[in-house]
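Chemist: Dropping in my_file31.cif, which is mmCIF, C-alpha atoms:
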data_run
#
loop_
_atom_site.label_atom_id
_atom_site.label_comp_id
_atom_site.auth_asym_id
_atom_site.auth_seq_id
_atom_site.Cartn_x
_atom_site.Cartn_y
_atom_site.Cartn_z
CA MET O 853 66.76 -7.98 -25.68
CA GLY O 854 66.69 -4.19 -25.44
CA THR O 855 66.41 -1.85 -22.50
CA LEU O 856 63.99 1.05 -22.18
CA PHE O 857 65.63 3.82 -20.16
CA PHE O 858 62.96 5.82 -18.35
CA THR O 859 62.86 9.10 -16.46
CA GLY O 860 59.78 10.53 -14.77
CA TYR O 861 58.75 7.31 -13.03
CA PRO O 862 56.82 7.00 -10.67
CA GLY O 863 55.06 10.17 -11.84
CA PHE O 864 51.49 9.94 -13.11
CA LEU O 865 52.19 9.72 -16.84
CA GLY O 866 55.26 7.51 -16.35
CA SER O 867 53.33 5.12 -14.12
CA GLU O 868 50.63 4.81 -16.77
CA LEU O 869 52.98 4.54 -19.73
CA LEU O 870 55.72 2.15 -18.57
CA PRO O 871 53.47 -0.93 -18.11
CA ARG O 872 51.93 -0.36 -21.53
CA LEU O 873 55.32 -0.18 -23.23
CA LEU O 874 56.48 -3.37 -21.52
CA ARG O 875 53.31 -5.19 -22.60
CA ARG O 876 53.94 -4.03 -26.15
CA THR O 877 57.65 -4.95 -26.19
CA LYS O 878 57.62 -8.43 -24.68
CA ASP O 879 61.39 -9.00 -24.79
CA ALA O 880 62.38 -5.62 -23.32
CA ASN O 881 63.34 -4.65 -19.80
CA ALA O 882 63.30 -1.18 -18.29
CA VAL O 883 65.69 0.87 -16.20
CA CYS O 884 64.12 3.79 -14.35
CA LEU O 885 66.29 6.64 -13.10
CA VAL O 886 64.59 7.85 -9.92
CA GLN O 887 65.50 10.49 -7.35
CA PRO O 888 66.40 8.85 -4.02
CA LYS O 889 63.43 10.40 -2.21
CA PHE O 890 61.01 8.72 -4.65
CA ALA O 891 62.88 5.41 -4.92
CA ASN O 892 60.79 3.49 -2.36
CA LEU O 893 57.57 4.61 -4.05
CA ALA O 894 58.99 3.62 -7.43
CA ARG O 895 60.01 0.15 -6.20
CA GLU O 896 56.62 -0.40 -4.63
CA ARG O 897 54.81 0.67 -7.79
CA ALA O 898 57.07 -1.44 -10.00
CA LYS O 899 56.47 -4.66 -8.04
CA ALA O 900 53.59 -5.55 -10.31
CA LEU O 901 55.98 -5.46 -13.29
CA GLY O 902 58.28 -8.09 -11.77
CA ASP O 903 61.96 -8.33 -12.56
CA ARG O 904 61.59 -6.56 -15.89
CA VAL O 905 62.02 -3.18 -14.17
CA ARG O 906 65.15 -2.05 -12.36
CA ILE O 907 65.07 1.10 -10.26
CA ILE O 908 68.34 2.99 -10.01
CA GLU O 909 68.78 6.05 -7.87
CA GLY O 910 70.06 9.20 -9.48
CA ASP O 911 69.08 12.59 -10.82
CA ILE O 912 68.86 14.01 -14.33
CA THR O 913 70.56 17.18 -13.14
CA SER O 914 73.84 15.24 -12.97
CA PRO O 915 75.59 13.40 -15.84
CA ILE O 916 73.95 10.01 -16.37
CA ASP O 917 76.34 7.34 -15.11
CA VAL O 918 74.67 4.16 -16.38
CA ALA O 919 76.02 1.47 -18.70
CA PRO O 920 74.57 2.47 -22.10
CA ASP O 921 75.34 -0.66 -24.10
CA ASP O 922 71.90 -2.26 -24.42
CA VAL O 923 69.69 0.86 -24.24
CA THR O 924 67.48 0.87 -27.35
CA GLU O 925 64.91 3.51 -26.35
CA ILE O 926 65.04 6.49 -24.02
CA TRP O 927 61.84 7.91 -22.61
CA HIS O 928 62.52 11.31 -21.06
CA LEU O 929 59.47 12.34 -19.05
CA ALA O 930 61.13 13.89 -15.99
CA ALA O 931 60.64 17.62 -15.59
CA ILE O 932 59.52 20.03 -12.94
CA TYR O 933 55.92 20.82 -13.76
CA ASP O 934 55.18 23.85 -11.64
CA LEU O 935 53.83 27.11 -13.05
CA SER O 936 55.48 28.96 -10.16
CA VAL O 937 58.93 27.39 -10.60
CA LYS O 938 61.93 29.69 -10.16
CA ARG O 939 64.00 30.13 -13.29
CA ASP O 940 67.23 28.67 -11.87
CA LEU O 941 65.46 25.48 -10.78
CA GLY O 942 63.60 25.21 -14.09
CA MET O 943 66.85 25.67 -16.00
CA ARG O 944 68.63 23.06 -13.89
CA VAL O 945 65.92 20.40 -14.16
CA ASN O 946 64.12 21.01 -17.44
CA VAL O 947 66.99 22.30 -19.58
CA GLY O 948 70.11 20.91 -17.89
CA GLY O 949 68.38 17.58 -17.25
CA THR O 950 67.41 17.28 -20.91
CA ARG O 951 70.98 18.08 -22.01
CA ASN O 952 72.27 15.33 -19.72
CA MET O 953 69.79 12.88 -21.19
CA LEU O 954 70.81 13.83 -24.74
CA ASP O 955 74.48 13.41 -23.83
CA PHE O 956 73.65 9.96 -22.47
CA ALA O 957 71.67 9.14 -25.62
CA GLN O 958 74.68 9.92 -27.80
CA ARG O 959 76.71 7.37 -25.79
CA CYS O 960 74.20 4.56 -26.37
CA PRO O 961 75.46 2.52 -29.35
CA GLU O 962 72.19 0.57 -29.76
CA LEU O 963 69.84 3.54 -29.34
CA ARG O 964 67.00 3.60 -31.86
CA HIS O 965 64.73 6.27 -30.43
CA PHE O 966 64.65 9.21 -28.00
CA HIS O 967 61.09 9.97 -26.89
CA TYR O 968 60.65 13.38 -25.27
CA ILE O 969 57.58 14.64 -23.43
CA SER O 970 57.28 18.37 -23.97
CA THR O 971 54.15 20.52 -23.57
CA CYS O 972 51.85 22.47 -25.86
CA TYR O 973 52.69 25.52 -23.75
CA VAL O 974 56.11 25.93 -25.37
CA SER O 975 53.92 28.25 -27.44
CA GLY O 976 54.04 30.75 -24.60
CA SER O 977 51.40 33.42 -25.06
CA LEU O 978 51.69 33.49 -28.86
CA PRO O 979 48.29 34.48 -30.31
CA GLY O 980 46.74 32.39 -33.07
CA VAL O 981 47.45 28.86 -34.24
CA PHE O 982 50.58 27.04 -33.02
CA ARG O 983 51.48 24.11 -35.27
CA GLU O 984 53.36 20.91 -34.49
CA ASP O 985 56.36 22.03 -36.54
CA ASP O 986 56.40 25.42 -34.82
CA LEU O 987 58.76 26.22 -31.97
CA GLU O 988 60.88 29.35 -32.27
CA ARG O 989 58.25 31.98 -33.08
CA GLY O 990 59.54 34.87 -30.99
CA GLN O 991 56.90 34.13 -28.34
CA SER O 992 56.88 35.52 -24.83
CA PHE O 993 56.21 33.25 -21.86
CA ASN O 994 53.76 33.42 -18.97
CA ASN O 995 56.16 31.71 -16.57
CA PHE O 996 59.51 29.96 -16.29
CA TYR O 997 57.94 26.53 -16.68
CA GLU O 998 56.90 27.42 -20.22
CA GLU O 999 60.24 29.05 -21.00
CA THR O 1000 62.40 26.21 -19.71
CA LYS O 1001 60.33 23.52 -21.45
CA TYR O 1002 60.69 25.56 -24.65
CA LEU O 1003 64.47 25.76 -24.21
CA ALA O 1004 64.59 22.02 -23.51
CA GLU O 1005 62.69 21.28 -26.71
CA VAL O 1006 65.15 23.47 -28.62
CA GLU O 1007 67.93 21.21 -27.30
CA VAL O 1008 66.12 18.06 -28.43
CA ARG O 1009 65.37 19.37 -31.91
CA LYS O 1010 68.94 20.40 -32.63
CA SER O 1011 70.41 17.09 -31.42
CA ALA O 1012 71.59 14.31 -33.71
CA VAL O 1013 69.57 11.56 -31.97
CA ALA O 1014 66.43 10.04 -33.53
CA TRP O 1015 63.84 11.98 -31.55
CA THR O 1016 60.08 12.17 -31.37
CA ILE O 1017 58.37 14.91 -29.37
CA TYR O 1018 54.97 14.60 -27.72
CA ARG O 1019 53.26 17.79 -26.57
CA PRO O 1020 50.38 17.19 -24.15
CA ALA O 1021 48.05 20.04 -23.34
CA VAL O 1022 46.33 19.85 -19.94
CA ILE O 1023 46.81 16.45 -18.25
CA VAL O 1024 44.11 15.49 -15.76
CA GLY O 1025 43.31 12.20 -14.05
CA ASP O 1026 42.23 8.94 -15.64
CA SER O 1027 38.96 9.59 -17.48
CA MET O 1028 37.50 6.27 -16.24
CA THR O 1029 38.58 6.33 -12.59
CA GLY O 1030 39.51 9.96 -12.05
CA ALA O 1031 42.82 8.84 -10.50
CA THR O 1032 45.69 11.32 -10.46
CA GLN O 1033 48.76 12.13 -8.38
CA LYS O 1034 48.48 15.91 -8.48
CA PHE O 1035 45.61 18.39 -8.41
CA ASP O 1036 46.07 21.38 -10.69
CA GLY O 1037 44.50 22.93 -13.79
CA PRO O 1038 40.71 22.37 -13.69
CA TYR O 1039 40.98 20.83 -10.21
CA PHE O 1040 41.57 24.32 -8.79
CA VAL O 1041 38.10 25.35 -9.99
CA MET O 1042 36.51 22.08 -8.85
CA GLN O 1043 37.95 22.37 -5.36
CA TRP O 1044 36.98 26.04 -5.02
CA LEU O 1045 33.38 25.22 -5.93
CA GLU O 1046 33.37 22.21 -3.60
CA ARG O 1047 34.25 24.46 -0.66
CA GLN O 1048 31.12 26.56 -1.24
CA PRO O 1049 27.36 26.05 -0.85
CA ARG O 1050 25.27 24.93 -3.82
CA ILE O 1051 25.09 28.52 -5.07
CA ALA O 1052 28.78 29.31 -5.56
CA ILE O 1053 30.69 32.42 -6.55
CA LEU O 1054 33.48 32.09 -9.10
CA PRO O 1055 35.77 34.96 -10.17
CA VAL O 1056 36.09 34.68 -13.96
CA VAL O 1057 38.86 36.21 -16.05
CA GLY O 1058 38.48 36.95 -19.75
CA ARG O 1059 36.49 34.94 -22.25
CA PRO O 1060 36.98 31.56 -24.00
CA SER O 1061 40.05 29.39 -23.61
CA ARG O 1062 40.80 25.64 -23.88
CA TYR O 1063 41.02 22.15 -22.24
CA THR O 1064 41.94 18.30 -22.78
CA PHE O 1065 43.50 12.64 -23.23
CA MET O 1066 47.39 10.85 -22.99
CA ALA O 1067 48.98 7.48 -22.21
CA ASN O 1068 46.97 5.64 -24.87
CA ALA O 1069 47.89 8.17 -27.54
CA ILE O 1070 51.61 8.27 -26.68
CA GLU O 1071 51.81 4.48 -26.52
CA TYR O 1072 50.10 4.11 -29.89
CA VAL O 1073 51.98 6.84 -31.75
CA SER O 1074 55.36 5.71 -30.39
CA GLY O 1075 54.85 2.28 -31.97
CA LEU O 1076 54.24 3.62 -35.45
CA PRO O 1077 56.90 3.74 -38.19
CA HIS O 1078 58.13 7.01 -39.67
CA ILE O 1079 57.73 9.15 -36.56
CA VAL O 1080 61.37 10.20 -36.16
CA ARG O 1081 61.89 13.96 -36.03
CA LYS O 1082 58.18 14.61 -35.79
CA CYS O 1083 56.15 16.35 -33.13
CA TYR O 1084 52.67 15.39 -31.99
CA GLN O 1085 50.42 17.84 -30.15
CA LEU O 1086 48.06 15.81 -27.97
CA ALA O 1087 45.35 18.35 -27.42
CA ASP O 1088 41.64 18.62 -27.98
CA PRO O 1089 41.10 19.67 -31.62
CA ALA O 1090 37.74 21.16 -30.58
CA PRO O 1091 38.40 22.53 -27.09
CA LEU O 1092 35.75 23.88 -24.79
CA THR O 1093 35.70 27.54 -23.98
CA VAL O 1094 36.35 28.59 -20.39
CA ASP O 1095 32.65 29.36 -20.04
CA GLU O 1096 31.70 25.89 -21.29
CA THR O 1097 34.29 24.31 -19.00
CA ILE O 1098 32.87 26.16 -15.98
CA ASN O 1099 29.39 24.87 -16.88
CA VAL O 1100 30.69 21.28 -17.06
CA ILE O 1101 32.51 21.57 -13.71
CA ALA O 1102 29.48 23.24 -12.12
CA ARG O 1103 27.29 20.28 -13.12
CA ALA O 1104 29.89 17.76 -11.90
CA THR O 1105 30.12 19.47 -8.49
CA ASP O 1106 26.35 20.07 -8.31
CA ARG O 1107 26.79 23.82 -8.03
CA ARG O 1108 25.05 26.83 -9.52
CA VAL O 1109 27.82 29.30 -10.36
CA ILE O 1110 27.53 33.05 -10.08
CA ARG O 1111 30.31 34.54 -12.19
CA VAL O 1112 32.18 37.64 -10.98
CA PRO O 1113 34.09 39.16 -13.93
CA LEU O 1114 37.63 40.36 -13.22
CA THR O 1115 40.53 41.55 -15.35
CA LYS O 1116 43.56 39.27 -15.45
CA ALA O 1117 45.75 41.92 -13.83
CA LEU O 1118 43.30 42.46 -10.96
CA ALA O 1119 42.86 38.73 -10.37
CA LYS O 1120 46.61 38.09 -10.25
CA PHE O 1121 47.28 41.14 -8.07
CA SER O 1122 44.59 40.05 -5.61
CA ILE O 1123 45.96 36.53 -5.31
CA GLU O 1124 49.54 37.73 -4.90
CA HIS O 1125 49.08 40.79 -2.69
CA VAL O 1126 45.69 40.97 -0.99
CA PRO O 1127 45.86 39.18 2.39
CA GLY O 1128 43.67 36.11 2.56
CA VAL O 1129 42.76 35.84 -1.12
CA PHE O 1130 45.15 33.00 -1.98
CA ARG O 1131 44.30 31.19 1.26
CA LEU O 1132 40.63 31.45 0.32
CA LEU O 1133 40.82 30.55 -3.38
CA ARG O 1134 43.90 28.27 -3.31
CA ILE O 1135 44.41 29.07 -6.98
CA PRO O 1136 48.01 30.11 -7.79
CA SER O 1137 48.26 33.34 -9.74
CA PRO O 1138 50.17 31.79 -12.72
CA ALA O 1139 47.09 29.62 -13.40
CA VAL O 1140 45.06 32.75 -14.15
CA ASP O 1141 46.96 33.27 -17.44
CA TYR O 1142 45.36 30.15 -18.90
CA PHE O 1143 41.85 31.55 -18.56
CA VAL O 1144 42.76 34.04 -21.27
CA HIS O 1145 45.20 31.85 -23.21
CA PRO O 1146 45.37 33.25 -26.79
CA THR O 1147 46.76 30.15 -28.54
CA THR O 1148 45.03 27.31 -30.36
CA TYR O 1149 46.90 24.11 -31.17
CA ASP O 1150 46.95 22.43 -34.56
CA THR O 1151 46.88 18.63 -34.15
CA THR O 1152 47.31 17.50 -37.77
CA ASN O 1153 50.18 15.06 -37.10
CA ALA O 1154 48.42 13.55 -34.11
CA ASP O 1155 45.09 13.30 -35.94
CA VAL O 1156 46.70 11.48 -38.87
CA ALA O 1157 48.69 9.15 -36.59
CA LEU O 1158 45.65 8.24 -34.47
CA SER O 1159 43.28 7.87 -37.42
CA GLY O 1160 41.63 4.44 -37.26
CA SER O 1161 43.09 3.63 -33.84
CA GLY O 1162 39.91 4.22 -31.90
CA ILE O 1163 41.84 6.60 -29.62
CA PHE O 1164 40.32 10.02 -29.32
CA VAL O 1165 40.13 12.88 -26.85
CA PRO O 1166 37.32 12.16 -24.36
CA ARG O 1167 34.90 14.99 -23.74
CA LEU O 1168 35.29 16.64 -20.34
CA ALA O 1169 31.53 16.47 -19.82
CA ASP O 1170 31.72 12.67 -20.00
CA TYR O 1171 34.26 12.24 -17.20
CA ALA O 1172 34.28 15.41 -15.07
CA ALA O 1173 32.17 13.64 -12.44
CA ASN O 1174 34.89 10.96 -12.15
CA LEU O 1175 37.53 13.64 -11.49
CA VAL O 1176 35.35 15.25 -8.84
CA ALA O 1177 34.62 11.92 -7.16
CA PHE O 1178 38.31 11.05 -6.97
CA ALA O 1179 39.22 14.48 -5.61
CA ARG O 1180 36.53 14.16 -2.93
CA ALA O 1181 37.84 10.73 -1.94
CA HIS O 1182 41.48 11.83 -1.79
CA PRO O 1183 41.80 15.16 0.05
CA GLU O 1184 45.38 14.21 0.97
CA ILE O 1185 46.59 14.80 -2.59
CA GLY O 1186 47.98 18.26 -3.20
CA SER O 1187 49.14 20.37 -6.14
CA ALA O 1188 52.89 20.27 -5.44
CA ALA O 1189 55.16 19.11 -8.25
CA MET O 1190 57.43 16.07 -7.87
CA ALA O 1191 60.85 17.74 -7.70
#
Could you render the structure as structure tokens?

Modeler:
Amino acid sequence: MGTLFFTGYPGFLGSELLPRLLRRTKDANAVCLVQPKFANLARERAKALGDRVRIIEGDITSPIDVAPDDVTEIWHLAAIYDLSVKRDLGMRVNVGGTRNMLDFAQRCPELRHFHYISTCYVSGSLPGVFREDDLERGQSFNNFYEETKYLAEVEVRKSAVAWTIYRPAVIVGDSMTGATQKFDGPYFVMQWLERQPRIAILPVVGRPSRYTFMANAIEYVSGLPHIVRKCYQLADPAPLTVDETINVIARATDRRVIRVPLTKALAKFSIEHVPGVFRLLRIPSPAVDYFVHPTTYDTTNADVALSGSGIFVPRLADYAANLVAFARAHPEIGSAAMA
């Protein structure tokens, strides 16, 4: 019997992924390393999984002090996902935490696989196509979240463990139920439109950009053979433009949108420095960069791996109404990162 060692539970992706992995690996148990302030939530959420899950309190920013003998897989999901994160915090959690997990992995004599959740945005603001084998391309970064996730992936790739890297693009709520634990990305636009009458004004920066599935794809790919030292970009191979995305969200919120064109610099300056603008929009200035994101993501590895599985990226137009309905029903959920 092996043990799956998990970080990032009870976060949204971890909460979706852990039950699936336990269903797939019937004779495995799981140990979840959870910060003390989230331990009660983790224990409550894990009740449905019975005695197969053990919650231990700790933090990836410290050396991992857990018996490594029967750990066969490590799933490292924990990170601080916050576009406004300060560099020292991002370095401590995203980079230092990943180094601690890799050190722990090297002490696990039965370890077969180290699964690491990265992000497509390790590309930074590199223009053009960013491939799954790409990483160090001399790119610049929009924020310290991107930079520290990039540096963490560098650490994983140079390690001696048997790693697989998964790079999600934008993660939103469940496409069927709309459920999520955190409102960011397209939710900022949804919520801004929801606060306005049926004819709504939307400041728009730039021209086309992108959007995006996740737990099903990661579960499926992770069970395939021959995935060691490969990276999978889980992004929409035919993404919507920003203009198309606005149209979809407008229909889902039952709004007619009047677009007010702005430059990126003016939009960010207004949010950061003009009194009342951020309080009105509630859109953080780092999010503006993604309206003019210059990168497209090649998904060749992911497309090949998922071929024939029946798993595909759902179209935003097919589930945007579910996201809006969930957001309306849960105004208590915010955009703060679990950290």

Chemist: Just give me the gap between CA of Asn892 in chain O and CA of Leu865 in chain O in Å, one decimal is fine.

Modeler: 18.0 Å

Chemist: Which of these, O:Phe1164, O:Tyr1142, O:Tyr997, O:Phe956, has the shortest distance to Trp927 in chain O once you count all atoms listed in the file?

Modeler: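 Ranking O:Phe1164, O:Tyr1142, O:Tyr997, O:Phe956 by distance to Trp927 in chain O, first place goes to O:Phe956.
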
Chemist: As a check of understanding, name the residues that the PyMOL selection byres ((chain O and resi 1097) around 9) selects in the supplied structure, as a PyMOL selection string.

Modeler: chain O and resi 1038+1061-1063+1092-1096+1098-1102+1168-1169

Chemist: Between CA of Asp986 in chain O and CA of Lys1082 in chain O, what distance in Å does the model show, to one decimal?

Modeler: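 Rounded to one decimal, the two atoms are 11.0 Å apart.
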
Chemist: Might you pull out every residue within 8 Å of Ser936 in chain O, with only C-alpha atoms counted and same-chain residues fewer than 4 positions away left off, and present them as a ChimeraX atom specification?

Modeler: /O:995-997,1136,1138

Chemist: Could you spell out the hits of the PyMOL selection byres ((chain O and resi 868) around 12) on the shown file, as a CSV table (one decimal) with C-alpha atoms, in the frame of the given file?

Modeler:
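Everything below was put into result03.csv:
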chain,number,residue,atom,x,y,z
O,860,GLY,CA,59.8,10.5,-14.8
O,861,TYR,CA,58.8,7.3,-13.0
O,862,PRO,CA,56.8,7.0,-10.7
O,863,GLY,CA,55.1,10.2,-11.8
O,864,PHE,CA,51.5,9.9,-13.1
O,865,LEU,CA,52.2,9.7,-16.8
O,866,GLY,CA,55.3,7.5,-16.4
O,867,SER,CA,53.3,5.1,-14.1
O,869,LEU,CA,53.0,4.5,-19.7
O,870,LEU,CA,55.7,2.2,-18.6
O,871,PRO,CA,53.5,-0.9,-18.1
O,872,ARG,CA,51.9,-0.4,-21.5
O,873,LEU,CA,55.3,-0.2,-23.2
O,874,LEU,CA,56.5,-3.4,-21.5
O,875,ARG,CA,53.3,-5.2,-22.6
O,897,ARG,CA,54.8,0.7,-7.8
O,898,ALA,CA,57.1,-1.4,-10.0
O,929,LEU,CA,59.5,12.3,-19.0
O,1025,GLY,CA,43.3,12.2,-14.0
O,1026,ASP,CA,42.2,8.9,-15.6
O,1031,ALA,CA,42.8,8.8,-10.5
O,1032,THR,CA,45.7,11.3,-10.5
O,1033,GLN,CA,48.8,12.1,-8.4
O,1066,MET,CA,47.4,10.8,-23.0
O,1067,ALA,CA,49.0,7.5,-22.2
O,1068,ASN,CA,47.0,5.6,-24.9
O,1069,ALA,CA,47.9,8.2,-27.5
O,1070,ILE,CA,51.6,8.3,-26.7
O,1071,GLU,CA,51.8,4.5,-26.5

Chemist: Quick one: which residues end up in the PyMOL selection byres ((chain O and resi 1132) around 12) for this structure, as a ChimeraX atom specification?

Modeler: /O:1040,1043-1045,1047-1048,1054,1122-1123,1126-1131,1133-1136

Chemist: Using all atoms listed in the file, which residues sit within 8 Å of Val923 in chain O once same-chain residues fewer than 4 positions away are excluded, as a list in words?

Modeler: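 In the requested form, the answer reads Gly854, Thr855, Leu856, Phe857, Cys960, Pro961, Glu962 and Leu963 of chain O.
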
Chemist: How would range 994-1003 of chain O read, as a JSON list (two decimals), in the coordinates of the input, once all heavy atoms are built in?

Modeler:
[["chain", "number", "residue", "atom", "x", "y", "z"],
["O", 994, "ASN", "N", 54.50, 33.04, -20.17],
["O", 994, "ASN", "CA", 53.76, 33.42, -18.97],
["O", 994, "ASN", "C", 54.53, 33.13, -17.70],
["O", 994, "ASN", "O", 54.28, 33.75, -16.67],
["O", 994, "ASN", "CB", 52.43, 32.65, -18.93],
["O", 994, "ASN", "CG", 51.48, 33.08, -20.02],
["O", 994, "ASN", "OD1", 51.15, 34.25, -20.14],
["O", 994, "ASN", "ND2", 51.02, 32.12, -20.82],
["O", 995, "ASN", "N", 55.46, 32.15, -17.76],
["O", 995, "ASN", "CA", 56.16, 31.71, -16.57],
["O", 995, "ASN", "C", 57.42, 30.96, -16.97],
["O", 995, "ASN", "O", 57.63, 30.67, -18.16],
["O", 995, "ASN", "CB", 55.24, 30.84, -15.70],
["O", 995, "ASN", "CG", 54.58, 29.75, -16.52],
["O", 995, "ASN", "OD1", 55.25, 28.86, -17.05],
["O", 995, "ASN", "ND2", 53.25, 29.80, -16.63],
["O", 996, "PHE", "N", 58.23, 30.63, -16.00],
["O", 996, "PHE", "CA", 59.51, 29.96, -16.29],
["O", 996, "PHE", "C", 59.33, 28.49, -16.63],
["O", 996, "PHE", "O", 60.21, 27.90, -17.25],
["O", 996, "PHE", "CB", 60.48, 30.15, -15.13],
["O", 996, "PHE", "CG", 60.86, 31.58, -14.90],
["O", 996, "PHE", "CD1", 60.73, 32.15, -13.63],
["O", 996, "PHE", "CD2", 61.33, 32.37, -15.93],
["O", 996, "PHE", "CE1", 61.08, 33.48, -13.42],
["O", 996, "PHE", "CE2", 61.68, 33.69, -15.73],
["O", 996, "PHE", "CZ", 61.56, 34.25, -14.47],
["O", 997, "TYR", "N", 58.21, 27.90, -16.23],
["O", 997, "TYR", "CA", 57.94, 26.53, -16.68],
["O", 997, "TYR", "C", 57.84, 26.50, -18.19],
["O", 997, "TYR", "O", 58.49, 25.68, -18.85],
["O", 997, "TYR", "CB", 56.64, 26.01, -16.05],
["O", 997, "TYR", "CG", 56.18, 24.72, -16.71],
["O", 997, "TYR", "CD1", 56.84, 23.52, -16.48],
["O", 997, "TYR", "CD2", 55.09, 24.71, -17.57],
["O", 997, "TYR", "CE1", 56.44, 22.34, -17.10],
["O", 997, "TYR", "CE2", 54.67, 23.54, -18.19],
["O", 997, "TYR", "CZ", 55.36, 22.36, -17.96],
["O", 997, "TYR", "OH", 54.94, 21.21, -18.58],
["O", 998, "GLU", "N", 57.03, 27.37, -18.76],
["O", 998, "GLU", "CA", 56.90, 27.42, -20.22],
["O", 998, "GLU", "C", 58.24, 27.70, -20.88],
["O", 998, "GLU", "O", 58.62, 27.02, -21.86],
["O", 998, "GLU", "CB", 55.91, 28.53, -20.61],
["O", 998, "GLU", "CG", 54.48, 28.26, -20.25],
["O", 998, "GLU", "CD", 53.55, 29.37, -20.72],
["O", 998, "GLU", "OE1", 54.04, 30.43, -21.18],
["O", 998, "GLU", "OE2", 52.33, 29.19, -20.61],
["O", 999, "GLU", "N", 58.97, 28.67, -20.37],
["O", 999, "GLU", "CA", 60.24, 29.05, -21.00],
["O", 999, "GLU", "C", 61.25, 27.92, -20.96],
["O", 999, "GLU", "O", 61.92, 27.62, -21.97],
["O", 999, "GLU", "CB", 60.83, 30.28, -20.30],
["O", 999, "GLU", "CG", 62.15, 30.73, -20.94],
["O", 999, "GLU", "CD", 62.89, 31.75, -20.11],
["O", 999, "GLU", "OE1", 62.52, 31.98, -18.94],
["O", 999, "GLU", "OE2", 63.87, 32.32, -20.63],
["O", 1000, "THR", "N", 61.37, 27.24, -19.82],
["O", 1000, "THR", "CA", 62.40, 26.21, -19.71],
["O", 1000, "THR", "C", 62.02, 24.94, -20.48],
["O", 1000, "THR", "O", 62.89, 24.25, -21.00],
["O", 1000, "THR", "CB", 62.71, 25.88, -18.23],
["O", 1000, "THR", "OG1", 61.51, 25.49, -17.55],
["O", 1000, "THR", "CG2", 63.33, 27.08, -17.54],
["O", 1001, "LYS", "N", 60.73, 24.64, -20.60],
["O", 1001, "LYS", "CA", 60.33, 23.52, -21.45],
["O", 1001, "LYS", "C", 60.58, 23.86, -22.93],
["O", 1001, "LYS", "O", 60.95, 22.99, -23.72],
["O", 1001, "LYS", "CB", 58.86, 23.16, -21.21],
["O", 1001, "LYS", "CG", 58.60, 22.48, -19.88],
["O", 1001, "LYS", "CD", 59.25, 21.11, -19.77],
["O", 1001, "LYS", "CE", 58.53, 20.07, -20.59],
["O", 1001, "LYS", "NZ", 59.14, 18.71, -20.44],
["O", 1002, "TYR", "N", 60.36, 25.10, -23.29],
["O", 1002, "TYR", "CA", 60.69, 25.56, -24.65],
["O", 1002, "TYR", "C", 62.19, 25.40, -24.93],
["O", 1002, "TYR", "O", 62.59, 24.85, -25.96],
["O", 1002, "TYR", "CB", 60.27, 27.03, -24.79],
["O", 1002, "TYR", "CG", 60.96, 27.80, -25.89],
["O", 1002, "TYR", "CD1", 60.50, 27.74, -27.20],
["O", 1002, "TYR", "CD2", 62.06, 28.61, -25.61],
["O", 1002, "TYR", "CE1", 61.14, 28.46, -28.21],
["O", 1002, "TYR", "CE2", 62.70, 29.33, -26.60],
["O", 1002, "TYR", "CZ", 62.24, 29.25, -27.90],
["O", 1002, "TYR", "OH", 62.87, 29.96, -28.89],
["O", 1003, "LEU", "N", 63.02, 25.85, -24.01],
["O", 1003, "LEU", "CA", 64.47, 25.76, -24.21],
["O", 1003, "LEU", "C", 64.92, 24.30, -24.26],
["O", 1003, "LEU", "O", 65.83, 23.94, -25.01],
["O", 1003, "LEU", "CB", 65.19, 26.50, -23.09],
["O", 1003, "LEU", "CG", 65.04, 28.03, -23.11],
["O", 1003, "LEU", "CD1", 65.63, 28.65, -21.83],
["O", 1003, "LEU", "CD2", 65.70, 28.64, -24.34]]
